[in-house]
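Participant: Just one file: data_35.tsv, with TSV, C-alpha atoms and all ligand atoms.
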```
chain	number	residue	atom	x	y	z
A	278	MET	CA	240.96	110.95	-35.71
A	279	LEU	CA	239.88	113.73	-38.07
A	280	LYS	CA	237.19	111.49	-39.55
A	281	LYS	CA	235.98	110.25	-36.19
A	282	LEU	CA	235.49	113.80	-34.93
A	283	GLY	CA	234.22	115.18	-38.24
A	284	LEU	CA	237.04	117.75	-38.48
A	285	ARG	CA	237.82	119.39	-41.80
A	286	TYR	CA	241.30	120.48	-40.72
A	287	PRO	CA	243.97	118.96	-38.44
A	288	ILE	CA	243.96	122.05	-36.23
A	289	ILE	CA	243.08	122.07	-32.54
A	290	GLN	CA	242.69	125.33	-30.63
A	291	ALA	CA	244.26	124.52	-27.26
A	292	PRO	CA	242.15	124.62	-24.13
A	293	MET	CA	243.31	127.69	-22.21
A	294	ALA	CA	241.70	128.10	-18.80
A	295	GLY	CA	241.16	131.84	-18.26
A	296	VAL	CA	241.84	132.71	-21.92
A	297	SER	CA	239.80	130.54	-24.30
A	298	THR	CA	236.02	130.84	-24.27
A	299	PRO	CA	232.96	128.93	-25.47
A	300	LEU	CA	232.66	131.52	-28.25
A	301	MET	CA	236.25	130.92	-29.38
A	302	ALA	CA	235.85	127.13	-29.24
A	303	ALA	CA	232.61	127.22	-31.21
A	304	GLU	CA	234.03	129.55	-33.86
A	305	VAL	CA	237.04	127.26	-34.32
A	306	SER	CA	234.83	124.15	-34.54
A	307	ASN	CA	232.44	125.88	-36.94
A	308	ALA	CA	235.44	126.84	-39.09
A	309	GLY	CA	236.49	123.17	-39.38
A	310	GLY	CA	239.05	122.79	-36.57
A	311	LEU	CA	238.52	121.46	-33.06
A	312	GLY	CA	237.72	124.18	-30.51
A	313	SER	CA	238.46	123.60	-26.83
A	314	ILE	CA	237.31	124.99	-23.52
A	315	GLY	CA	239.45	124.73	-20.40
A	316	VAL	CA	237.18	124.06	-17.44
A	317	GLY	CA	239.88	123.00	-14.95
A	318	ALA	CA	239.39	126.16	-12.92
A	319	ALA	CA	235.65	126.61	-13.39
A	320	GLY	CA	233.99	124.22	-10.88
A	321	VAL	CA	231.14	121.92	-11.87
A	322	ALA	CA	228.46	124.59	-12.38
A	323	GLY	CA	230.85	126.85	-14.31
A	324	ALA	CA	232.03	123.94	-16.47
A	325	LYS	CA	228.46	122.92	-17.27
A	326	ALA	CA	227.57	126.50	-18.24
A	327	MET	CA	230.59	126.61	-20.57
A	328	ILE	CA	229.65	123.27	-22.15
A	329	ASP	CA	226.05	124.41	-22.61
A	330	GLU	CA	227.15	127.67	-24.19
A	331	THR	CA	229.58	125.95	-26.56
A	332	ARG	CA	226.92	123.45	-27.57
A	333	ALA	CA	224.45	126.26	-28.21
A	334	ARG	CA	226.97	127.86	-30.58
A	335	THR	CA	228.10	124.82	-32.57
A	336	GLN	CA	226.76	121.50	-33.78
A	337	ARG	CA	230.29	120.27	-34.37
A	338	ALA	CA	232.74	118.44	-32.08
A	339	PHE	CA	234.47	120.42	-29.33
A	340	ASN	CA	236.88	119.53	-26.51
A	341	VAL	CA	236.44	119.97	-22.75
A	342	ASN	CA	239.73	120.00	-20.83
A	343	LEU	CA	240.30	119.07	-17.18
A	344	PHE	CA	243.24	119.28	-14.76
A	345	VAL	CA	244.17	115.92	-13.25
A	346	HIS	CA	246.93	116.97	-10.87
A	347	LYS	CA	247.85	115.23	-7.63
A	348	ALA	CA	246.19	116.98	-4.70
A	349	PRO	CA	248.73	119.29	-3.01
A	350	LYS	CA	250.08	118.54	0.44
A	351	PRO	CA	249.02	121.34	2.81
A	352	ASP	CA	252.10	122.87	4.43
A	353	ALA	CA	251.30	125.92	6.57
A	354	MET	CA	254.99	126.71	7.16
A	355	LYS	CA	255.77	126.74	3.45
A	356	ASP	CA	252.69	128.91	2.76
A	357	ALA	CA	253.70	131.37	5.49
A	358	ALA	CA	257.28	131.63	4.17
A	359	TRP	CA	255.97	132.28	0.66
A	360	LEU	CA	253.50	134.93	1.82
A	361	ASN	CA	256.30	136.54	3.82
A	362	PHE	CA	258.47	136.63	0.68
A	363	LEU	CA	255.64	138.22	-1.34
A	364	ALA	CA	254.59	140.69	1.40
A	365	PRO	CA	256.85	143.56	0.22
A	366	ARG	CA	255.39	143.26	-3.29
A	367	PHE	CA	251.86	143.49	-1.88
A	368	ALA	CA	253.04	146.50	0.16
A	369	ASP	CA	254.25	148.17	-3.06
A	370	TYR	CA	250.55	148.36	-4.01
A	371	GLY	CA	249.25	149.31	-0.57
A	372	ALA	CA	247.90	145.80	0.04
A	373	GLU	CA	248.36	142.99	2.55
A	374	PRO	CA	248.98	139.42	1.44
A	375	PRO	CA	246.22	136.94	2.29
A	376	LYS	CA	246.52	135.44	5.80
A	377	THR	CA	246.31	131.87	4.51
A	378	LEU	CA	246.28	130.14	1.13
A	379	ARG	CA	243.64	127.82	-0.32
A	380	THR	CA	243.64	124.94	-2.78
A	381	ILE	CA	241.76	126.86	-5.43
A	382	TYR	CA	240.97	123.99	-7.84
A	383	THR	CA	239.85	120.43	-7.26
A	384	SER	CA	241.65	117.88	-9.40
A	385	PHE	CA	239.34	115.94	-11.72
A	386	ALA	CA	240.82	112.85	-10.05
A	387	ASP	CA	239.02	113.87	-6.83
A	388	ASP	CA	235.84	115.30	-8.34
A	389	PRO	CA	233.03	112.74	-8.78
A	390	ASP	CA	230.52	115.56	-9.35
A	391	MET	CA	232.48	116.78	-12.38
A	392	LEU	CA	232.54	113.24	-13.74
A	393	ALA	CA	228.78	112.88	-13.22
A	394	MET	CA	228.20	116.18	-15.04
A	395	LEU	CA	230.34	115.05	-18.00
A	396	LEU	CA	228.49	111.73	-18.18
A	397	GLU	CA	225.24	113.64	-18.25
A	398	THR	CA	226.22	116.34	-20.77
A	399	LYS	CA	228.40	114.03	-22.92
A	400	PRO	CA	230.66	116.55	-24.67
A	401	PRO	CA	232.12	115.03	-27.86
A	402	VAL	CA	235.75	115.21	-26.64
A	403	VAL	CA	237.30	115.34	-23.16
A	404	SER	CA	241.02	115.92	-22.56
A	405	PHE	CA	243.23	115.62	-19.50
A	406	HIS	CA	246.26	117.67	-18.41
A	407	PHE	CA	248.77	116.82	-15.63
A	408	GLY	CA	247.83	113.14	-15.44
A	409	LEU	CA	245.07	110.60	-15.87
A	410	PRO	CA	241.88	109.94	-13.93
A	411	SER	CA	240.99	106.50	-12.56
A	412	VAL	CA	240.44	103.45	-14.74
A	413	ASP	CA	236.75	103.56	-13.77
A	414	ALA	CA	236.35	107.21	-14.76
A	415	ILE	CA	238.02	106.56	-18.13
A	416	ALA	CA	235.81	103.51	-18.72
A	417	ALA	CA	232.65	105.45	-17.86
A	418	LEU	CA	233.55	108.34	-20.18
A	419	LYS	CA	234.31	105.89	-22.99
A	420	ARG	CA	231.02	104.06	-22.44
A	421	ALA	CA	229.32	107.45	-22.82
A	422	GLY	CA	230.87	107.65	-26.32
A	423	ILE	CA	233.27	110.48	-25.45
A	424	TYR	CA	236.58	110.71	-27.40
A	425	LEU	CA	239.45	111.05	-24.90
A	426	MET	CA	242.80	112.83	-25.23
A	427	ALA	CA	245.61	113.37	-22.71
A	428	THR	CA	248.82	115.40	-22.59
A	429	ALA	CA	252.24	113.71	-22.55
A	430	THR	CA	255.54	115.54	-22.26
A	431	ASN	CA	257.65	112.38	-22.72
A	432	PRO	CA	257.40	108.78	-23.99
A	433	ASP	CA	256.83	107.35	-20.51
A	434	GLU	CA	253.68	109.44	-19.98
A	435	ALA	CA	252.57	108.54	-23.53
A	436	ARG	CA	252.88	104.83	-22.67
A	437	GLN	CA	250.70	105.32	-19.59
A	438	ILE	CA	248.14	107.18	-21.70
A	439	GLU	CA	248.02	104.42	-24.30
A	440	ALA	CA	247.77	101.70	-21.63
A	441	ALA	CA	244.85	103.55	-20.03
A	442	GLY	CA	242.79	103.30	-23.21
A	443	ILE	CA	242.84	107.00	-24.14
A	444	ASP	CA	242.17	107.72	-27.85
A	445	ALA	CA	244.83	110.33	-28.70
A	446	ILE	CA	247.94	111.92	-27.19
A	447	VAL	CA	248.75	115.63	-27.07
A	448	ALA	CA	252.54	115.78	-27.35
A	449	GLN	CA	253.34	118.95	-25.40
A	450	SER	CA	256.90	120.18	-25.88
A	451	ILE	CA	259.06	122.48	-23.78
A	452	GLU	CA	258.32	125.24	-26.32
A	453	ALA	CA	254.64	125.31	-25.35
A	454	GLY	CA	252.90	128.15	-23.56
A	455	GLY	CA	251.12	127.51	-20.27
A	456	HIS	CA	251.62	124.75	-17.76
A	457	ARG	CA	253.76	121.76	-18.58
A	458	GLY	CA	251.51	118.75	-18.38
A	459	MET	CA	254.07	116.56	-16.59
A	460	PHE	CA	252.36	113.90	-14.49
A	461	ASP	CA	254.91	114.34	-11.69
A	462	PRO	CA	256.25	117.89	-11.46
A	463	ALA	CA	259.13	116.69	-9.25
A	464	ALA	CA	260.35	114.07	-11.75
A	465	PRO	CA	263.43	114.78	-13.90
A	466	ASP	CA	262.29	116.66	-17.02
A	467	ALA	CA	263.94	115.86	-20.35
A	468	ALA	CA	262.44	119.16	-21.66
A	469	LEU	CA	261.81	117.66	-25.11
A	470	GLY	CA	261.24	119.99	-28.05
A	471	THR	CA	258.39	119.66	-30.54
A	472	ILE	CA	260.37	117.86	-33.25
A	473	ALA	CA	261.97	115.24	-30.98
A	474	LEU	CA	258.85	114.67	-28.86
A	475	THR	CA	256.51	114.31	-31.84
A	476	ARG	CA	258.83	111.83	-33.56
A	477	LEU	CA	259.41	109.86	-30.35
A	478	LEU	CA	255.68	109.51	-29.70
A	479	VAL	CA	254.82	108.71	-33.33
A	480	ARG	CA	257.44	105.95	-33.20
A	481	THR	CA	256.60	104.56	-29.76
A	482	THR	CA	252.79	104.61	-29.61
A	483	THR	CA	250.03	103.49	-31.95
A	484	LEU	CA	247.71	106.37	-31.02
A	485	PRO	CA	247.20	109.56	-33.03
A	486	VAL	CA	249.74	112.16	-31.84
A	487	ILE	CA	248.80	115.84	-31.67
A	488	ALA	CA	251.88	118.08	-31.79
A	489	ALA	CA	251.84	121.08	-29.44
A	490	GLY	CA	254.38	123.77	-28.63
A	491	GLY	CA	255.56	126.78	-30.60
A	492	ILE	CA	253.31	126.11	-33.61
A	493	MET	CA	251.95	129.46	-34.76
A	494	ASP	CA	251.22	129.26	-38.48
A	495	GLY	CA	250.25	126.94	-41.32
A	496	GLN	CA	253.88	126.25	-42.12
A	497	GLY	CA	254.36	124.98	-38.56
A	498	ILE	CA	251.25	122.80	-38.79
A	499	ARG	CA	252.44	121.33	-42.07
A	500	ALA	CA	255.82	120.55	-40.50
A	501	ALA	CA	254.06	118.79	-37.58
A	502	LEU	CA	252.05	116.68	-40.03
A	503	ASP	CA	255.28	115.84	-41.88
A	504	LEU	CA	256.65	114.56	-38.57
A	505	GLY	CA	253.76	112.13	-38.40
A	506	ALA	CA	251.38	114.09	-36.18
A	507	ALA	CA	247.67	113.60	-36.82
A	508	ALA	CA	246.99	117.24	-35.92
A	509	ALA	CA	248.55	120.28	-34.30
A	510	GLN	CA	247.32	121.99	-31.14
A	511	LEU	CA	247.90	125.75	-30.97
A	512	GLY	CA	247.42	127.86	-27.86
A	513	THR	CA	249.49	131.05	-28.02
A	514	ALA	CA	248.33	131.65	-31.60
A	515	PHE	CA	244.78	132.25	-30.25
A	516	ILE	CA	245.52	134.48	-27.22
A	517	ALA	CA	245.19	137.77	-29.12
A	518	CYS	CA	241.94	136.76	-30.84
A	519	PRO	CA	238.99	139.01	-29.94
A	520	GLU	CA	237.16	135.92	-28.61
A	521	SER	CA	239.88	135.47	-25.95
A	522	ILE	CA	239.34	136.80	-22.42
A	523	ALA	CA	243.06	137.56	-21.92
A	524	ASP	CA	243.11	141.13	-20.58
A	525	GLU	CA	244.32	144.00	-22.76
A	526	ALA	CA	247.65	144.29	-20.91
A	527	TYR	CA	248.38	140.61	-21.59
A	528	LYS	CA	247.48	140.95	-25.27
A	529	LYS	CA	249.55	144.13	-25.54
A	530	ALA	CA	252.57	142.47	-23.90
A	531	LEU	CA	252.22	139.44	-26.20
A	532	MET	CA	252.00	141.56	-29.34
A	533	GLY	CA	254.79	143.93	-28.27
A	534	ALA	CA	258.36	143.57	-27.08
A	535	GLY	CA	257.19	141.27	-24.23
A	536	GLY	CA	256.43	138.54	-26.75
A	537	ARG	CA	260.13	138.19	-27.50
A	538	HIS	CA	260.94	136.79	-24.06
A	539	THR	CA	259.23	133.80	-22.55
A	540	GLN	CA	260.48	131.74	-19.64
A	541	LEU	CA	259.54	128.75	-17.55
A	542	THR	CA	258.47	129.64	-14.03
A	543	ASN	CA	256.82	127.91	-11.09
A	544	LEU	CA	256.45	131.10	-9.07
A	545	ILE	CA	253.00	132.07	-10.29
A	546	SER	CA	251.07	128.84	-9.70
A	547	GLY	CA	253.47	126.38	-8.04
A	548	ARG	CA	253.92	124.34	-11.25
A	549	LEU	CA	256.26	124.91	-14.15
A	550	ALA	CA	254.66	126.93	-16.93
A	551	ARG	CA	255.93	129.06	-19.81
A	552	ALA	CA	255.00	132.73	-19.54
A	553	LEU	CA	256.00	136.10	-20.94
A	554	SER	CA	258.84	137.41	-18.81
A	555	ASN	CA	257.29	140.02	-16.52
A	556	ARG	CA	257.49	141.40	-12.99
A	557	PHE	CA	256.24	138.11	-11.56
A	558	THR	CA	258.78	135.91	-13.33
A	559	ALA	CA	261.50	138.41	-12.28
A	560	LEU	CA	260.88	137.48	-8.64
A	561	SER	CA	263.11	134.45	-9.33
A	562	GLU	CA	266.06	136.84	-8.97
A	563	THR	CA	265.31	137.43	-5.29
A	564	GLN	CA	263.58	134.24	-4.14
A	565	GLY	CA	266.77	132.58	-2.92
A	566	ALA	CA	265.93	129.26	-1.23
A	567	ILE	CA	262.24	130.12	-0.71
A	568	ALA	CA	260.05	127.82	-2.82
A	569	PRO	CA	256.42	128.44	-3.72
A	570	PRO	CA	253.79	126.11	-2.23
A	571	ASP	CA	252.49	123.22	-4.34
A	572	TYR	CA	250.15	123.82	-7.28
A	573	PRO	CA	247.52	125.20	-7.11
A	574	ILE	CA	248.03	126.66	-3.59
A	575	ALA	CA	250.72	129.09	-4.82
A	576	TYR	CA	248.29	130.27	-7.51
A	577	ASP	CA	246.01	131.65	-4.77
A	578	ALA	CA	248.83	134.00	-3.74
A	579	GLY	CA	249.72	134.71	-7.39
A	580	LYS	CA	246.19	135.76	-8.25
A	581	ALA	CA	245.94	137.91	-5.10
A	582	LEU	CA	249.19	139.73	-5.96
A	583	HIS	CA	248.03	140.27	-9.54
A	584	ALA	CA	244.72	141.70	-8.25
A	585	ALA	CA	246.49	144.04	-5.80
A	586	ALA	CA	248.89	145.30	-8.49
A	587	THR	CA	246.15	145.65	-11.11
A	588	ALA	CA	244.09	147.77	-8.69
A	589	LYS	CA	246.99	150.27	-8.78
A	590	GLY	CA	247.44	150.07	-12.56
A	591	GLU	CA	250.38	147.62	-12.64
A	592	PHE	CA	249.65	144.66	-14.95
A	593	GLY	CA	253.07	143.00	-14.79
A	594	PHE	CA	252.07	140.39	-12.21
A	595	GLY	CA	249.58	138.58	-14.45
A	596	ALA	CA	249.86	134.92	-15.43
A	597	GLN	CA	250.72	135.83	-19.01
A	598	TRP	CA	251.24	132.32	-20.34
A	599	ALA	CA	252.79	132.13	-23.81
A	600	GLY	CA	254.91	129.76	-25.89
A	601	GLN	CA	258.21	130.38	-27.63
A	602	GLY	CA	256.43	131.33	-30.85
A	603	ALA	CA	254.81	134.35	-29.15
A	604	PRO	CA	256.23	136.99	-31.53
A	605	LEU	CA	254.35	135.24	-34.35
A	606	ALA	CA	250.95	135.84	-32.68
A	607	ARG	CA	248.28	137.54	-34.76
A	608	ALA	CA	245.24	139.46	-33.57
A	609	MET	CA	242.43	138.22	-35.78
A	610	ARG	CA	239.09	136.53	-35.28
A	611	ALA	CA	239.43	132.83	-34.47
A	612	ALA	CA	237.57	131.74	-37.62
A	613	GLU	CA	239.75	134.02	-39.73
A	614	LEU	CA	242.85	132.58	-38.06
A	615	ILE	CA	241.73	129.05	-38.99
A	616	GLU	CA	241.21	130.16	-42.60
A	617	THR	CA	244.64	131.80	-42.63
A	618	LEU	CA	246.33	128.73	-41.12
A	619	VAL	CA	244.70	126.49	-43.73
A	620	ALA	CA	245.78	128.80	-46.56
A	621	GLU	CA	249.37	128.80	-45.23
A	622	MET	CA	249.36	125.00	-44.85
A	623	THR	CA	248.35	124.40	-48.40
A	624	ARG	CA	250.44	127.15	-49.98
A	701	LIG	C1	247.26	130.89	-22.06
A	701	LIG	C2	247.40	129.39	-22.05
A	701	LIG	C3	246.59	128.64	-21.22
A	701	LIG	C4	246.66	127.25	-21.24
A	701	LIG	N1	245.80	126.53	-20.48
A	701	LIG	C5	245.75	125.18	-20.63
A	701	LIG	C6	244.71	124.42	-20.02
A	701	LIG	O1	243.83	124.95	-19.32
A	701	LIG	N2	244.71	123.08	-20.24
A	701	LIG	C7	245.64	122.46	-21.04
A	701	LIG	O2	245.58	121.24	-21.22
A	701	LIG	N3	246.62	123.16	-21.63
A	701	LIG	C8	246.68	124.50	-21.46
A	701	LIG	N4	247.65	125.21	-22.12
A	701	LIG	C9	248.68	124.49	-22.92
A	701	LIG	C10	248.13	124.14	-24.30
A	701	LIG	O3	247.26	123.05	-24.22
A	701	LIG	C11	249.23	123.77	-25.30
A	701	LIG	O4	250.02	122.73	-24.80
A	701	LIG	C12	250.12	124.94	-25.66
A	701	LIG	O5	249.37	126.11	-25.83
A	701	LIG	C13	250.88	124.66	-26.95
A	701	LIG	O6	251.92	125.58	-27.13
A	701	LIG	P1	251.74	127.03	-27.83
A	701	LIG	O7	251.12	127.89	-26.77
A	701	LIG	O8	253.15	127.40	-28.14
A	701	LIG	O9	250.86	126.83	-29.01
A	701	LIG	C14	247.60	126.60	-22.09
A	701	LIG	C15	248.43	127.39	-22.91
A	701	LIG	C16	248.33	128.75	-22.91
A	701	LIG	C17	249.21	129.55	-23.83
```
Once you've parsed the file, please lay out its structure as structure tokens.

Facilitator:
Amino acid sequence: MLKKLGLRYPIIQAPMAGVSTPLMAAEVSNAGGLGSIGVGAAGVAGAKAMIDETRARTQRAFNVNLFVHKAPKPDAMKDAAWLNFLAPRFADYGAEPPKTLRTIYTSFADDPDMLAMLLETKPPVVSFHFGLPSVDAIAALKRAGIYLMATATNPDEARQIEAAGIDAIVAQSIEAGGHRGMFDPAAPDAALGTIALTRLLVRTTTLPVIAAGGIMDGQGIRAALDLGAAAAQLGTAFIACPESIADEAYKKALMGAGGRHTQLTNLISGRLARALSNRFTALSETQGAIAPPDYPIAYDAGKALHAAATAKGEFGFGAQWAGQGAPLARAMRAAELIETLVAEMTR
């Protein structure tokens, strides 16, 4: 895999929609790792602009990541109950909740225009989160010479990825920051940790396995390689980099006491994700039987609440995704972080 992509180091900077940037991805790729951009929330024009910018900044391979979730089922009653539950929190900041909620992202599975754009721009690597696109879409991307990767959180998803003809598997453990890539969010979740999941996938598939979840330093990367991983994918380690567009409050929380507590929540977006414990995740204490709408409909409400609170100086309702290794985060330039990780790996 390293050879195929021309990587000097087995280090992948995770795609992080809303946090990673073309600049970050290019700096990581230029430093010898694989940089990634998360375009799942960007729309076709936004995604193309990000690909163009990354390409302008690096000649090396980079990864473009897409969300392949099942389209949510609209449920006006569920939306109304959720907005009713959140209304007092909006009122705390002198705001009204939105009247209705929208499906704010199109799944790549339902987005032929995004596929056409990828076939035209041909980024070196494309990766999928939350599931797989159609057989035809995979075949077309492969014919275009694009290296494909997909997230698995368990051996069953890994088998589906291998059968679909994908080139590499991102083994995302329960320790990871951000959304769990489970194909079916309602399925029982074995919540596998990085060590068990990496070993299970190395033993049960023939594809390169990329370990992800809680890996923050060179020692962690070395351990992942010892487990048989071809590379490690790190997300939280890059949030505090100056190239990240995480807001200052998020970076401050990550680097301070907030980093010591992460938790899984589905309240922010409608899908399970690991975040810094904050005012949003604390709503679980009062939600009772009220469930958030499906992903990404709930995220429309989550973003609106964050905007209302931010306007009054309260930053505790942000989607502050972070993995269990958060207290190990370092605020340094992405290229310097790659150098540091490599030095730690080889020490
Ligand atoms: C802020 C943040 C945003 C993320 N966004 C995405 C994304 O857009 N696409 C994706 O495939 N994974 C995303 N992830 C998950 C990462 O790909 C990866 O699984 C995770 O960062 C690994 O765990 P770590 O954060 O402990 O390193 C995100 C993670 C974080 C922390």

Participant: Identify, on the basis of only C-alpha atoms, every residue whose closest approach to region 324-335 of chain A does not exceed 8 Å; exclude the query and any residue fewer than 2 positions from it along the same chain; express the result as a list in words.

Facilitator: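 So the residues in contact are Thr298, Pro299, Leu300, Ala302, Ala303, Glu304, Ser306, Asn307, Ile314, Val316, Ala319, Gly320, Val321, Ala322, Arg337, Ala338, Phe339, Val341, Met394, Thr398 and Pro400 of chain A.
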
Participant: Could you save those same residues with C-alpha atoms as a PDB file, keeping the file's coordinate frame?

Facilitator:
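Result file result_4.pdb:
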```
ATOM      1  CA  THR A 298     236.020 130.840 -24.270  1.00  0.00           C
ATOM      2  CA  PRO A 299     232.960 128.930 -25.470  1.00  0.00           C
ATOM      3  CA  LEU A 300     232.660 131.520 -28.250  1.00  0.00           C
ATOM      4  CA  ALA A 302     235.850 127.130 -29.240  1.00  0.00           C
ATOM      5  CA  ALA A 303     232.610 127.220 -31.210  1.00  0.00           C
ATOM      6  CA  GLU A 304     234.030 129.550 -33.860  1.00  0.00           C
ATOM      7  CA  SER A 306     234.830 124.150 -34.540  1.00  0.00           C
ATOM      8  CA  ASN A 307     232.440 125.880 -36.940  1.00  0.00           C
ATOM      9  CA  ILE A 314     237.310 124.990 -23.520  1.00  0.00           C
ATOM     10  CA  VAL A 316     237.180 124.060 -17.440  1.00  0.00           C
ATOM     11  CA  ALA A 319     235.650 126.610 -13.390  1.00  0.00           C
ATOM     12  CA  GLY A 320     233.990 124.220 -10.880  1.00  0.00           C
ATOM     13  CA  VAL A 321     231.140 121.920 -11.870  1.00  0.00           C
ATOM     14  CA  ALA A 322     228.460 124.590 -12.380  1.00  0.00           C
ATOM     15  CA  ARG A 337     230.290 120.270 -34.370  1.00  0.00           C
ATOM     16  CA  ALA A 338     232.740 118.440 -32.080  1.00  0.00           C
ATOM     17  CA  PHE A 339     234.470 120.420 -29.330  1.00  0.00           C
ATOM     18  CA  VAL A 341     236.440 119.970 -22.750  1.00  0.00           C
ATOM     19  CA  MET A 394     228.200 116.180 -15.040  1.00  0.00           C
ATOM     20  CA  THR A 398     226.220 116.340 -20.770  1.00  0.00           C
ATOM     21  CA  PRO A 400     230.660 116.550 -24.670  1.00  0.00           C
TER      22      PRO A 400
END
```

Participant: Residues within 7 Å of ligand LIG 701 (chain A) (all atoms listed in the file), as a count of residues only?

Facilitator: 38

Participant: Could you name the residues that touch Val403 (chain A) at 7 Å or less, counting all atoms listed in the file, but leaving out those on the same chain fewer than 4 positions away, as a VMD selection string?

Facilitator: chain A and resid 340 to 342 423 to 426

Participant: Using only C-alpha atoms, which residues sit within 9 Å of Ala358 (chain A) once same-chain residues fewer than 4 positions away are excluded, as a ChimeraX atom specification?

Facilitator: /A:353-354,362-363,567-569

Participant: Tell me, as a ChimeraX atom specification, which residues lie within 12 Å of Val412 (chain A), counting all atoms listed in the file; anything in the same chain fewer than 6 positions away does not count.

Facilitator: /A:386,418-419,437-438,440-443

Participant: Please list as a ChimeraX atom specification every residue within 12 Å of Ala612 (chain A), counting only C-alpha atoms and excluding residues in the same chain fewer than 5 positions away.

Facilitator: /A:288,290,300-312,515,518-520,617-619

Participant: For the atom pair CA of Asp461 (chain A) and CA of Ala393 (chain A), what is the interatomic distance in Å to one decimal place?

Facilitator: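 Distance between the two atoms: 26.2 Å.
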
Participant: Between CA of Leu474 (chain A) and CA of Pro462 (chain A), measure the distance and give it in Å to one decimal.

Facilitator: 17.9 Å

Participant: How far is it from CA of Met459 (chain A) to CA of Leu478 (chain A), in Å with one decimal?

Facilitator: 15.0 Å

Participant: For a quick check of understanding, using only C-alpha atoms, which of A:Ala445, A:Ile487, A:Ala585, A:Ile381 has the smallest distance to Ser546 (chain A)?

Facilitator: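 Among the listed residues, the smallest separation from Ser546 (chain A) belongs to A:Ile381.
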
Participant: Which is closer to Ala427 (chain A) than all the others in A:Ser404, A:Ser521, A:Thr471, A:Asn361, using only C-alpha atoms?

Facilitator: A:Ser404

Participant: Considering only C-alpha atoms, state which residue in the set A:Ala414, A:Leu549, A:Met609, A:Leu477 is at the smallest distance from Arg436 (chain A).

Facilitator: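 Among A:Ala414, A:Leu549, A:Met609, A:Leu477, it is A:Leu477 that comes nearest to Arg436 (chain A).
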
Participant: From the list A:Arg610, A:Ile574, A:Pro410, A:Gly505, which residue is nearest Ala448 (chain A) when using only C-alpha atoms?

Facilitator: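 Closest to Ala448 (chain A) of all the choices is A:Gly505.
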
Participant: Here is a test: counting all atoms listed in the file, which residue of A:Ala318, A:Pro374, A:Thr482, A:Thr623 is nearest to Arg499 (chain A)?

Facilitator: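 Checking each of A:Ala318, A:Pro374, A:Thr482, A:Thr623 against Arg499 (chain A), counting all atoms listed in the file, the winner is A:Thr623.
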